[in-house]
file data-v5.txt (compact mmCIF, C-alpha atoms and all ligand atoms)
# COMPACT_ATOMS: atom_id res chain seq x y z
CA MET Y 8 106.54 100.18 138.59
CA GLU Y 9 105.67 96.68 137.50
CA SER Y 10 107.45 93.89 139.25
CA SER Y 11 109.83 91.81 137.24
CA ALA Y 12 107.62 88.74 137.84
CA SER Y 13 104.64 90.45 136.24
CA VAL Y 14 106.75 91.59 133.29
CA GLN Y 15 107.89 87.98 132.80
CA GLU Y 16 104.29 86.79 133.04
CA ALA Y 17 103.13 89.35 130.46
CA ARG Y 18 105.90 88.23 128.10
CA GLN Y 19 104.97 84.60 128.60
CA SER Y 20 101.37 85.35 127.79
CA ILE Y 21 102.40 87.18 124.57
CA ARG Y 22 104.43 84.10 123.66
CA GLU Y 23 101.47 81.82 124.25
CA GLU Y 24 99.00 84.03 122.38
CA VAL Y 25 101.26 84.28 119.34
CA ARG Y 26 101.77 80.52 119.48
CA ARG Y 27 98.00 80.06 119.48
CA LEU Y 28 97.54 82.46 116.58
CA CYS Y 29 100.19 80.58 114.59
CA GLN Y 30 98.38 77.27 115.09
CA ASP Y 31 95.83 78.47 112.54
CA PHE Y 32 98.66 78.59 109.98
CA PRO Y 33 100.13 75.07 109.92
CA ASP Y 34 102.97 73.72 107.80
CA THR Y 35 100.61 73.08 104.90
CA TYR Y 36 99.68 76.78 104.79
CA TRP Y 37 103.32 77.88 104.54
CA GLN Y 38 104.10 75.10 102.06
CA ASP Y 39 101.31 76.31 99.79
CA VAL Y 40 102.39 79.95 100.09
CA ASP Y 41 105.97 79.01 99.30
CA LYS Y 42 105.18 76.66 96.43
CA HIS Y 43 102.95 79.17 94.65
CA GLU Y 44 105.01 82.22 95.72
CA LYS Y 45 101.92 83.76 97.30
CA TYR Y 46 101.85 86.54 99.83
CA PRO Y 47 100.47 85.12 103.12
CA GLN Y 48 97.69 87.67 103.25
CA GLU Y 49 95.55 85.72 105.74
CA PHE Y 50 98.43 85.37 108.18
CA VAL Y 51 99.45 89.05 107.95
CA SER Y 52 95.81 90.11 108.43
CA ALA Y 53 95.45 87.88 111.50
CA LEU Y 54 98.66 89.28 112.98
CA THR Y 55 97.48 92.82 112.27
CA GLU Y 56 94.07 92.20 113.84
CA SER Y 57 95.69 90.74 116.93
CA GLY Y 58 97.56 94.02 117.35
CA TYR Y 59 100.94 92.29 117.42
CA LEU Y 60 102.16 93.82 114.19
CA ALA Y 61 101.72 97.22 115.83
CA ALA Y 62 103.66 96.12 118.92
CA LEU Y 63 106.17 98.96 118.66
CA ILE Y 64 103.73 101.74 117.81
CA PRO Y 65 103.07 103.84 120.94
CA GLU Y 66 99.62 103.64 122.51
CA GLU Y 67 98.91 107.30 121.74
CA TYR Y 68 98.93 106.34 118.05
CA GLY Y 69 96.79 103.26 118.57
CA GLY Y 70 99.59 100.70 118.82
CA ALA Y 71 100.41 98.27 121.61
CA GLY Y 72 103.26 100.42 122.97
CA LEU Y 73 105.42 97.40 123.75
CA GLY Y 74 109.21 97.20 123.85
CA ILE Y 75 111.66 95.56 121.49
CA THR Y 76 111.89 92.59 123.88
CA GLU Y 77 108.20 91.82 123.38
CA ALA Y 78 108.43 92.48 119.63
CA SER Y 79 111.33 90.06 119.42
CA ILE Y 80 109.32 87.37 121.23
CA ILE Y 81 106.48 87.81 118.71
CA LEU Y 82 108.77 87.30 115.70
CA GLU Y 83 110.59 84.43 117.37
CA GLU Y 84 107.33 82.57 117.98
CA ILE Y 85 106.19 83.04 114.37
CA ASN Y 86 109.40 81.48 113.07
CA ARG Y 87 109.39 78.83 115.76
CA SER Y 88 105.92 77.76 114.66
CA GLY Y 89 107.26 77.06 111.16
CA GLY Y 90 106.09 80.38 109.73
CA ASN Y 91 108.15 83.17 108.27
CA SER Y 92 107.94 86.59 109.90
CA ALA Y 93 110.00 88.12 107.10
CA VAL Y 94 106.70 88.56 105.26
CA CYS Y 95 105.86 91.45 107.55
CA HIS Y 96 108.74 92.14 109.97
CA ALA Y 97 109.85 95.30 108.15
CA GLN Y 98 106.82 97.17 109.42
CA MET Y 99 108.21 96.79 112.92
CA TYR Y 100 111.60 98.26 112.22
CA THR Y 101 110.90 100.78 109.49
CA MET Y 102 108.18 102.33 111.61
CA GLY Y 103 110.91 103.47 114.05
CA THR Y 104 112.33 105.92 111.50
CA LEU Y 105 108.93 107.59 111.19
CA LEU Y 106 108.43 107.56 114.95
CA ARG Y 107 111.82 108.99 115.86
CA HIS Y 108 112.34 111.45 113.02
CA GLY Y 109 108.94 112.13 111.45
CA SER Y 110 107.00 115.34 112.08
CA ASP Y 111 103.92 115.33 114.33
CA GLU Y 112 101.81 115.70 111.19
CA GLN Y 113 103.43 112.65 109.54
CA LYS Y 114 103.10 110.56 112.70
CA SER Y 115 99.46 111.37 113.30
CA ARG Y 116 98.65 110.88 109.63
CA TYR Y 117 100.27 107.48 109.23
CA LEU Y 118 100.87 105.70 112.54
CA PRO Y 119 97.21 105.24 113.62
CA ALA Y 120 96.31 103.93 110.16
CA ILE Y 121 99.29 101.54 110.24
CA ALA Y 122 98.32 100.37 113.73
CA GLN Y 123 94.74 99.71 112.57
CA GLY Y 124 95.95 97.78 109.56
CA LYS Y 125 94.45 100.25 107.09
CA LEU Y 126 97.89 101.10 105.76
CA ARG Y 127 100.94 98.93 105.32
CA LEU Y 128 104.50 100.16 105.69
CA GLN Y 129 106.34 97.07 104.53
CA ALA Y 130 108.77 98.35 101.92
CA PHE Y 131 112.19 99.67 102.76
CA ALA Y 132 114.20 100.85 99.76
CA VAL Y 133 117.91 101.27 100.44
CA THR Y 134 119.96 98.72 98.47
CA GLU Y 135 121.19 99.58 94.96
CA PRO Y 136 123.08 97.51 92.38
CA ASN Y 137 126.15 99.76 92.23
CA ALA Y 138 126.40 100.48 95.97
CA GLY Y 139 125.67 97.12 97.68
CA SER Y 140 126.78 97.24 101.30
CA GLU Y 141 128.34 100.68 100.78
CA THR Y 142 125.12 102.59 101.40
CA THR Y 143 126.77 106.02 101.22
CA ARG Y 144 127.40 105.30 97.52
CA ILE Y 145 123.76 105.09 96.49
CA GLU Y 146 122.93 106.93 93.28
CA THR Y 147 119.14 107.29 93.25
CA ARG Y 148 118.62 111.05 93.08
CA ALA Y 149 115.85 113.14 94.57
CA VAL Y 150 116.04 116.67 93.19
CA ARG Y 151 113.92 119.38 94.73
CA LYS Y 152 111.72 121.36 92.35
CA GLY Y 153 109.45 123.79 94.20
CA ASP Y 154 107.15 121.81 96.47
CA ARG Y 155 108.10 118.45 94.93
CA TYR Y 156 111.08 116.13 94.67
CA ILE Y 157 111.75 114.40 91.35
CA VAL Y 158 113.20 110.94 91.89
CA ASN Y 159 115.30 109.00 89.37
CA GLY Y 160 117.24 105.80 89.89
CA GLN Y 161 116.99 102.13 90.75
CA LYS Y 162 116.76 99.98 93.86
CA ILE Y 163 117.33 96.24 94.06
CA PHE Y 164 116.20 93.51 96.48
CA ILE Y 165 113.30 95.58 97.75
CA SER Y 166 110.99 93.19 99.53
CA ARG Y 167 107.21 93.36 99.74
CA ALA Y 168 106.92 96.52 97.58
CA HIS Y 169 103.88 95.01 95.88
CA TYR Y 170 102.22 94.42 99.26
CA SER Y 171 102.81 97.77 100.84
CA ASP Y 172 101.12 101.18 100.62
CA LEU Y 173 104.11 103.09 101.92
CA MET Y 174 107.77 102.84 101.03
CA LEU Y 175 110.57 104.22 103.13
CA LEU Y 176 113.05 105.44 100.53
CA LEU Y 177 116.67 106.52 100.93
CA ALA Y 178 117.80 108.79 98.09
CA ARG Y 179 120.62 111.17 97.34
CA THR Y 180 119.84 114.87 97.60
CA THR Y 181 123.44 116.12 97.23
CA PRO Y 182 125.86 114.68 94.63
CA TYR Y 183 128.54 112.45 96.19
CA GLU Y 184 131.42 114.52 94.75
CA GLU Y 185 130.17 117.69 96.46
CA LEU Y 186 130.29 116.17 99.94
CA LYS Y 187 133.11 116.44 102.45
CA ASP Y 188 131.36 114.06 104.82
CA LYS Y 189 130.10 111.14 102.71
CA THR Y 190 127.51 110.19 105.33
CA GLN Y 191 125.65 113.42 104.56
CA GLY Y 192 123.68 114.25 101.44
CA LEU Y 193 121.17 111.39 101.67
CA SER Y 194 117.53 111.92 102.63
CA VAL Y 195 114.69 109.67 103.74
CA PHE Y 196 111.23 109.88 102.18
CA LEU Y 197 108.01 108.20 103.15
CA VAL Y 198 106.56 107.55 99.73
CA ASP Y 199 102.83 107.00 99.65
CA MET Y 200 102.78 104.68 96.65
CA ARG Y 201 98.99 104.99 96.32
CA GLU Y 202 99.45 108.64 95.40
CA VAL Y 203 102.31 108.22 92.93
CA LYS Y 204 100.92 108.97 89.48
CA LYS Y 205 103.86 107.97 87.29
CA GLY Y 206 107.51 106.98 87.26
CA LEU Y 207 107.35 104.06 89.72
CA ASP Y 208 107.89 100.61 88.26
CA ILE Y 209 108.14 97.55 90.52
CA GLN Y 210 109.38 94.31 88.95
CA PRO Y 211 109.54 90.92 90.71
CA LEU Y 212 112.95 89.33 91.26
CA ASP Y 213 113.28 85.58 90.91
CA ILE Y 214 115.09 84.45 94.07
CA MET Y 215 115.37 81.27 96.14
CA VAL Y 216 113.05 82.38 98.95
CA ASN Y 217 109.43 83.51 98.84
CA HIS Y 218 110.25 87.04 99.93
CA HIS Y 219 108.29 89.06 97.38
CA THR Y 220 111.49 90.82 96.49
CA THR Y 221 111.59 93.30 93.65
CA THR Y 222 113.63 95.70 91.59
CA VAL Y 223 112.21 99.21 91.77
CA PHE Y 224 112.75 101.76 89.01
CA PHE Y 225 112.11 105.48 89.45
CA GLU Y 226 111.76 107.62 86.37
CA ASP Y 227 110.86 111.23 87.12
CA MET Y 228 108.71 110.07 90.01
CA GLU Y 229 107.23 113.12 91.74
CA ILE Y 230 106.68 113.15 95.47
CA PRO Y 231 105.63 116.07 97.67
CA VAL Y 232 108.21 117.83 99.84
CA GLU Y 233 106.10 116.83 102.88
CA SER Y 234 107.01 113.21 102.27
CA ARG Y 235 110.59 113.90 103.41
CA ILE Y 236 111.30 112.66 106.92
CA GLY Y 237 113.37 115.02 109.05
CA GLU Y 238 116.05 117.26 107.60
CA GLU Y 239 117.36 117.05 104.06
CA GLY Y 240 120.78 115.39 103.94
CA LYS Y 241 120.50 113.58 107.29
CA GLY Y 242 118.87 110.42 105.99
CA PHE Y 243 121.81 108.07 106.50
CA ARG Y 244 121.84 108.94 110.21
CA TYR Y 245 118.10 108.26 110.46
CA ILE Y 246 118.48 104.87 108.79
CA ILE Y 247 121.41 103.89 111.02
CA ASP Y 248 119.27 104.74 114.05
CA GLY Y 249 116.99 101.86 113.10
CA TRP Y 250 119.73 99.29 112.65
CA ASN Y 251 119.91 98.07 116.25
CA ALA Y 252 116.17 97.33 116.32
CA GLU Y 253 116.47 95.54 112.99
CA ARG Y 254 119.38 93.40 114.16
CA ILE Y 255 117.66 92.40 117.41
CA LEU Y 256 114.44 91.48 115.59
CA VAL Y 257 116.25 89.48 112.94
CA ALA Y 258 118.25 87.69 115.66
CA SER Y 259 114.99 86.65 117.30
CA GLU Y 260 113.65 85.27 114.01
CA SER Y 261 116.83 83.19 113.71
CA ILE Y 262 116.36 81.93 117.27
CA GLY Y 263 112.81 80.89 116.36
CA ASP Y 264 114.15 79.09 113.28
CA GLY Y 265 116.93 77.45 115.30
CA ARG Y 266 114.45 76.11 117.86
CA TRP Y 267 112.18 74.84 115.12
CA PHE Y 268 115.07 72.91 113.50
CA ILE Y 269 116.23 71.48 116.84
CA ASP Y 270 112.68 70.33 117.70
CA ARG Y 271 112.26 68.66 114.34
CA ALA Y 272 115.74 67.11 114.32
CA SER Y 273 115.58 65.71 117.84
CA LYS Y 274 112.11 64.20 117.31
CA TYR Y 275 113.06 62.69 113.96
CA ALA Y 276 116.32 61.31 115.37
CA THR Y 277 114.35 59.65 118.17
CA ASN Y 278 111.73 58.10 115.90
CA ARG Y 279 113.59 57.12 112.74
CA VAL Y 280 114.85 53.56 113.04
CA VAL Y 281 117.68 52.35 110.81
CA PHE Y 282 119.97 49.36 111.48
CA GLY Y 283 117.46 48.31 114.13
CA LYS Y 284 117.73 51.41 116.37
CA PRO Y 285 116.80 55.09 116.38
CA ILE Y 286 119.34 57.12 114.41
CA GLY Y 287 119.56 59.47 117.41
CA THR Y 288 121.39 56.81 119.42
CA ASN Y 289 124.37 57.41 117.11
CA GLN Y 290 126.56 60.17 118.40
CA GLY Y 291 127.22 61.27 114.82
CA ILE Y 292 123.56 62.33 114.75
CA GLN Y 293 122.90 63.20 118.39
CA PHE Y 294 125.90 65.38 119.21
CA PRO Y 295 125.59 67.86 116.32
CA ILE Y 296 121.96 68.42 117.35
CA ALA Y 297 122.97 68.96 120.98
CA LYS Y 298 125.76 71.32 119.92
CA ALA Y 299 123.48 73.38 117.67
CA TYR Y 300 120.98 73.56 120.55
CA ALA Y 301 123.67 74.97 122.85
CA HIS Y 302 124.60 77.59 120.25
CA VAL Y 303 120.98 78.67 119.75
CA GLU Y 304 120.47 79.00 123.51
CA ALA Y 305 123.68 81.04 123.89
CA ALA Y 306 122.58 83.38 121.08
CA ASP Y 307 119.24 83.77 122.82
CA LEU Y 308 121.01 85.22 125.88
CA MET Y 309 122.73 87.83 123.72
CA ARG Y 310 119.39 88.66 122.07
CA PHE Y 311 117.81 89.37 125.47
CA THR Y 312 120.85 91.35 126.63
CA ALA Y 313 120.66 93.53 123.53
CA ALA Y 314 116.87 93.91 123.77
CA ALA Y 315 116.99 94.85 127.45
CA LYS Y 316 119.59 97.55 126.75
CA PHE Y 317 117.57 98.82 123.81
CA ASP Y 318 114.43 99.02 125.96
CA ARG Y 319 116.37 100.97 128.62
CA SER Y 320 117.52 103.35 125.85
CA GLU Y 321 121.15 102.36 126.47
CA LYS Y 322 123.77 102.01 123.75
CA CYS Y 323 123.42 98.50 122.37
CA GLY Y 324 125.20 98.49 119.00
CA ALA Y 325 127.73 95.85 120.07
CA GLU Y 326 125.12 93.55 121.62
CA ALA Y 327 122.60 93.97 118.79
CA ASN Y 328 125.27 93.11 116.23
CA MET Y 329 126.55 90.15 118.24
CA ALA Y 330 122.98 88.87 118.67
CA LYS Y 331 122.41 89.04 114.90
CA LEU Y 332 125.71 87.29 114.17
CA LEU Y 333 125.41 84.53 116.78
CA ALA Y 334 121.72 83.84 116.20
CA SER Y 335 121.91 83.67 112.40
CA GLU Y 336 124.95 81.38 112.56
CA ALA Y 337 123.38 79.14 115.21
CA ALA Y 338 120.15 78.87 113.19
CA TRP Y 339 122.09 78.03 110.05
CA GLU Y 340 124.04 75.37 111.96
CA ALA Y 341 120.76 73.94 113.28
CA ALA Y 342 119.35 73.97 109.74
CA ASP Y 343 122.32 72.06 108.37
CA VAL Y 344 122.22 69.55 111.20
CA CYS Y 345 118.48 69.05 110.69
CA MET Y 346 119.05 68.43 106.98
CA SER Y 347 121.64 65.74 107.80
CA THR Y 348 119.34 64.16 110.37
CA TYR Y 349 116.50 63.85 107.86
CA GLY Y 350 118.72 62.26 105.20
CA GLY Y 351 116.94 62.21 101.84
CA TYR Y 352 113.65 63.30 103.40
CA GLY Y 353 115.15 66.70 104.21
CA PHE Y 354 114.94 67.45 100.50
CA ALA Y 355 111.28 66.47 100.20
CA ARG Y 356 109.08 69.57 100.19
CA ASP Y 357 106.39 67.96 102.40
CA TYR Y 358 108.76 67.87 105.36
CA ASP Y 359 109.36 71.63 105.30
CA ILE Y 360 113.04 71.31 106.17
CA GLU Y 361 114.27 72.54 102.78
CA ARG Y 362 111.92 75.57 102.89
CA LYS Y 363 113.10 76.62 106.33
CA PHE Y 364 116.69 75.84 105.26
CA ARG Y 365 116.39 78.42 102.48
CA GLU Y 366 114.64 80.95 104.67
CA THR Y 367 117.10 80.72 107.53
CA ARG Y 368 120.14 81.00 105.25
CA LEU Y 369 118.92 84.40 104.12
CA LEU Y 370 119.38 85.82 107.60
CA VAL Y 371 123.14 85.23 107.44
CA ALA Y 372 123.29 87.58 104.43
CA ALA Y 373 120.43 90.04 104.94
CA PRO Y 374 119.32 92.55 106.00
CA VAL Y 375 123.01 92.97 106.75
CA SER Y 376 125.67 90.41 105.93
CA ASN Y 377 127.60 88.92 108.82
CA ASN Y 378 130.84 90.22 107.34
CA MET Y 379 129.60 93.75 107.87
CA VAL Y 380 128.59 92.81 111.41
CA LEU Y 381 132.12 91.50 112.05
CA ALA Y 382 133.56 94.68 110.55
CA PHE Y 383 131.42 96.71 112.96
CA LEU Y 384 132.67 94.67 115.93
CA GLY Y 385 136.30 94.69 114.79
CA GLN Y 386 136.41 98.37 113.99
CA ASN Y 387 133.83 100.12 116.19
CA VAL Y 388 133.99 97.93 119.28
CA LEU Y 389 137.57 96.63 119.25
CA GLY Y 390 139.16 99.67 117.60
CA MET Y 391 141.00 97.83 114.82
CA PRO Y 392 141.70 99.49 111.45
CA LYS Y 393 138.88 99.90 108.97
CA SER Y 394 138.62 97.75 105.83
CA TYR Y 395 136.60 100.42 104.03
C1 LIG Y 401 115.89 88.17 99.90
C2 LIG Y 401 116.48 89.53 100.12
C3 LIG Y 401 115.68 90.54 100.57
C4 LIG Y 401 116.20 91.82 100.73
N1 LIG Y 401 115.36 92.85 101.11
C5 LIG Y 401 115.82 94.11 101.10
C6 LIG Y 401 114.93 95.22 101.30
O1 LIG Y 401 113.72 95.04 101.53
N2 LIG Y 401 115.43 96.48 101.23
C7 LIG Y 401 116.74 96.72 100.98
O2 LIG Y 401 117.12 97.89 100.92
N3 LIG Y 401 117.61 95.70 100.78
C8 LIG Y 401 117.18 94.42 100.83
N4 LIG Y 401 118.06 93.35 100.62
C9 LIG Y 401 119.44 93.66 100.29
C10 LIG Y 401 120.44 93.24 101.34
O3 LIG Y 401 120.35 94.10 102.43
C11 LIG Y 401 121.80 93.29 100.61
O4 LIG Y 401 121.84 92.15 99.78
C12 LIG Y 401 122.93 93.31 101.52
O5 LIG Y 401 122.91 94.49 102.26
C13 LIG Y 401 124.31 93.21 100.82
O6 LIG Y 401 124.40 93.95 99.63
P1 LIG Y 401 124.88 93.19 98.28
O7 LIG Y 401 123.96 92.06 98.08
O8 LIG Y 401 125.01 94.19 97.18
O9 LIG Y 401 126.29 92.60 98.65
P2 LIG Y 401 127.73 93.27 98.43
O10 LIG Y 401 127.81 94.60 99.10
O11 LIG Y 401 128.10 93.17 97.00
O12 LIG Y 401 128.63 92.27 99.26
C14 LIG Y 401 128.90 90.91 98.81
C15 LIG Y 401 129.68 90.21 99.90
O13 LIG Y 401 130.94 90.89 100.11
C16 LIG Y 401 131.07 91.23 101.48
N5 LIG Y 401 131.81 92.48 101.66
C17 LIG Y 401 131.65 93.66 101.00
N6 LIG Y 401 132.51 94.57 101.50
C18 LIG Y 401 133.21 93.98 102.49
C19 LIG Y 401 134.23 94.42 103.42
N7 LIG Y 401 134.70 95.65 103.42
N8 LIG Y 401 134.71 93.51 104.30
C20 LIG Y 401 134.25 92.24 104.31
N9 LIG Y 401 133.29 91.78 103.48
C21 LIG Y 401 132.78 92.65 102.59
C22 LIG Y 401 129.65 91.35 101.99
O14 LIG Y 401 129.58 91.23 103.40
C23 LIG Y 401 128.94 90.22 101.25
O15 LIG Y 401 129.15 89.01 101.93
C24 LIG Y 401 117.57 92.06 100.49
C25 LIG Y 401 118.39 91.01 100.06
C26 LIG Y 401 117.86 89.76 99.87
C27 LIG Y 401 118.76 88.66 99.38

call {"tool": "encode", "arguments": {"input": "data-v5.txt", "output": "structure tokens", "more": "lines below"}}
Ligand SMILES: Cc1cc2nc3c(=O)[nH]c(=O)nc-3n(C[C@H](O)[C@H](O)[C@H](O)COP(=O)(O)OP(=O)(O)OC[C@H]3O[C@@H](n4cnc5c(N)ncnc54)[C@H](O)[C@@H]3O)c2cc1C
result
Amino acid sequence: MESSASVQEARQSIREEVRRLCQDFPDTYWQDVDKHEKYPQEFVSALTESGYLAALIPEEYGGAGLGITEASIILEEINRSGGNSAVCHAQMYTMGTLLRHGSDEQKSRYLPAIAQGKLRLQAFAVTEPNAGSETTRIETRAVRKGDRYIVNGQKIFISRAHYSDLMLLLARTTPYEELKDKTQGLSVFLVDMREVKKGLDIQPLDIMVNHHTTTVFFEDMEIPVESRIGEEGKGFRYIIDGWNAERILVASESIGDGRWFIDRASKYATNRVVFGKPIGTNQGIQFPIAKAYAHVEAADLMRFTAAAKFDRSEKCGAEANMAKLLASEAAWEAADVCMSTYGGYGFARDYDIERKFRETRLLVAAPVSNNMVLAFLGQNVLGMPKSY
């Protein structure tokens, strides 16, 4: 068994290597990508080649076989460098559904290719216009016809669908009205979009962050029965199984953002001289930065608590949700404070504050809104009555 000191050392070296990798992608790179709404292909390729994007894929499938703690450090460092790991983070958490519930055939077919960077699993299609947060209300239908499923319906806010080969799709296989237990009747499919001949239409959505987010229309799209993951009707359960990993990873991105904002704000406050002294000597500027720093550091502790439990295969729903809540709020506080510290310059694109401000705000609302996180804590952890 490795000693705790060597585990800490290994984590520190991952941190430093990711930091080094990110140095090749400075602010100007992310500014250009954001301004022209490009996909940061070069960055995603470099991360893939380094093996870090396959951190959670077991070694037997050619991945790095690391834990969620290490994965969370990787994403944190990307965001801390000024980058945006949302451009590729989904591969880390969607892969878990395939790993935990896929057949041996599916795993050996896809996981090594994903680990090598030959295939991308970046699209995760759950949200629908009429269901929103109420996932058990989704309407996209997959109807079995012999050895195929015929899919009809619509998904919204599906990120990176244009930059992915595979799409993890949640669709209804039993009509809602026929179900006693509304969490049943949904199934998960691993759609190989390269093989879809017709009926798949992906349209860009114009939103305030460069997230390559789309609306996806299915019209009699045919997929083979073998693309279904696990049992028919159990898909909601399989998706929920991935939520803790997703929340921990998103929390770590927020922590990276929070640290980036605090670094920028404290340096700017020290250097910017107005009324003959650095603005950071004023407590109206200094204290909000210090307070946001304390909140980011506190959230970081909850992130590591959740990640450690996850890596020990212990129940961690409460901690993963609290980490997501605390980290996204702390990062958003740091973003707001940084904006105030920069005054008018915070709005100037060259300074990057406004870009990060937009990116970090997203993590309060997605992939799960903090209201739903609070509902989970209130109802599932504290036992209070349900609001839905
Ligand atoms: C940039 C971006 C990228 C995204 N990428 C993806 C993706 O790749 N794949 C995917 O499937 N989805 C994606 N999403 C969707 C995201 O997960 C949803 O927006 C989110 O889950 C909420 O759904 P909604 O927007 O329909 O909000 P709604 O469900 O309409 O909720 C609106 C507000 O009401 C609150 N609310 C609703 N019910 C309650 C209640 N009972 N108690 C308290 N508050 C409540 C919500 O918390 C929220 O604040 C993305 C969204 C964005 C903005």

call {"tool": "closest_residue", "arguments": {"input": "data-v5.txt", "among": "Y:Gly90, Y:Gly124, Y:Gly72, Y:Gly350", "to": "Ser57 in chain Y", "atoms": "only C-alpha atoms"}}
result
Y:Gly124

call {"tool": "residues_near_ligand", "arguments": {"input": "data-v5.txt", "ligand": "ligand LIG 401 (chain Y)", "cutoff": "6 Å", "atoms": "all atoms listed in the file", "output": "list in words"}}
result
Ala130, Phe131, Ala132, Val133, Thr134, Gly139, Ser140, Phe164, Ile165, Ser166, His218, Thr220, Ala373, Pro374, Val375, Ser376, Asn378, Met379, Ser394 and Tyr395 of chain Y

call {"tool": "write_last_selection", "arguments": {"input": "data-v5.txt", "atoms": "C-alpha atoms", "output": "short mmCIF file (atom, residue, chain, number, x, y, z; two decimals), in the coordinates of the input"}}
result
data_model
loop_
_atom_site.label_atom_id
_atom_site.label_comp_id
_atom_site.auth_asym_id
_atom_site.auth_seq_id
_atom_site.Cartn_x
_atom_site.Cartn_y
_atom_site.Cartn_z
CA ALA Y 130 108.77 98.35 101.92
CA PHE Y 131 112.19 99.67 102.76
CA ALA Y 132 114.20 100.85 99.76
CA VAL Y 133 117.91 101.27 100.44
CA THR Y 134 119.96 98.72 98.47
CA GLY Y 139 125.67 97.12 97.68
CA SER Y 140 126.78 97.24 101.30
CA PHE Y 164 116.20 93.51 96.48
CA ILE Y 165 113.30 95.58 97.75
CA SER Y 166 110.99 93.19 99.53
CA HIS Y 218 110.25 87.04 99.93
CA THR Y 220 111.49 90.82 96.49
CA ALA Y 373 120.43 90.04 104.94
CA PRO Y 374 119.32 92.55 106.00
CA VAL Y 375 123.01 92.97 106.75
CA SER Y 376 125.67 90.41 105.93
CA ASN Y 378 130.84 90.22 107.34
CA MET Y 379 129.60 93.75 107.87
CA SER Y 394 138.62 97.75 105.83
CA TYR Y 395 136.60 100.42 104.03
#

call {"tool": "closest_residue", "arguments": {"input": "data-v5.txt", "among": "Y:Lys204, Y:Arg26, Y:Arg356, Y:Lys189", "to": "Phe243 in chain Y", "atoms": "only C-alpha atoms"}}
result
Y:Lys189

call {"tool": "closest_residue", "arguments": {"input": "data-v5.txt", "among": "Y:Asp208, Y:Asp39, Y:Glu202, Y:Glu67", "to": "Ala168 in chain Y", "atoms": "all atoms listed in the file"}}
result
Y:Asp208

call {"tool": "closest_residue", "arguments": {"input": "data-v5.txt", "among": "Y:Gln161, Y:Ser11, Y:Thr348, Y:Thr180", "to": "Phe224 in chain Y", "atoms": "all atoms listed in the file"}}
result
Y:Gln161

call {"tool": "closest_atom_pairs", "arguments": {"input": "data-v5.txt", "of": "range 58-169 of chain Y", "to": "range 51-54 of chain Y", "cutoff": "8 Å", "atoms": "all atoms listed in the file", "output": "CSV"}}
result
residue,atom,partner,partner_atom,distance
Y:Gly58,CA,Y:Leu54,CA,6.5
Y:Tyr59,CA,Y:Leu54,CA,5.8
Y:Leu60,CA,Y:Leu54,CA,5.9
Y:Val94,CA,Y:Val51,CA,7.7
Y:Cys95,CA,Y:Val51,CA,6.9
Y:Gly124,CA,Y:Ser52,CA,7.8

call {"tool": "build_atoms", "arguments": {"input": "data-v5.txt", "residues": "range 177-187 of chain Y", "atoms": "N, CA and C atoms", "output": "compact mmCIF listing (two decimals), keeping the file's coordinate frame"}}
result
# COMPACT_ATOMS: atom_id res chain seq x y z
N LEU Y 177 115.45 105.74 100.72
CA LEU Y 177 116.67 106.52 100.93
C LEU Y 177 117.19 106.96 99.57
N ALA Y 178 117.34 108.28 99.40
CA ALA Y 178 117.80 108.79 98.09
C ALA Y 178 118.80 109.93 98.31
N ARG Y 179 119.57 110.15 97.26
CA ARG Y 179 120.62 111.17 97.34
C ARG Y 179 120.05 112.55 97.00
N THR Y 180 120.30 113.51 97.89
CA THR Y 180 119.84 114.87 97.60
C THR Y 180 121.02 115.81 97.32
N THR Y 181 122.24 115.35 97.61
CA THR Y 181 123.44 116.12 97.23
C THR Y 181 124.40 115.17 96.51
N PRO Y 182 124.94 115.58 95.35
CA PRO Y 182 125.86 114.68 94.63
C PRO Y 182 127.04 114.28 95.52
N TYR Y 183 127.47 113.03 95.37
CA TYR Y 183 128.54 112.45 96.19
C TYR Y 183 129.81 113.31 96.14
N GLU Y 184 130.16 113.78 94.93
CA GLU Y 184 131.42 114.52 94.75
C GLU Y 184 131.41 115.85 95.50
N GLU Y 185 130.24 116.38 95.78
CA GLU Y 185 130.17 117.69 96.46
C GLU Y 185 130.25 117.58 97.98
N LEU Y 186 130.35 116.34 98.48
CA LEU Y 186 130.29 116.17 99.94
C LEU Y 186 131.67 116.02 100.55
N LYS Y 187 131.88 116.70 101.67
CA LYS Y 187 133.11 116.44 102.45
C LYS Y 187 132.89 115.20 103.30
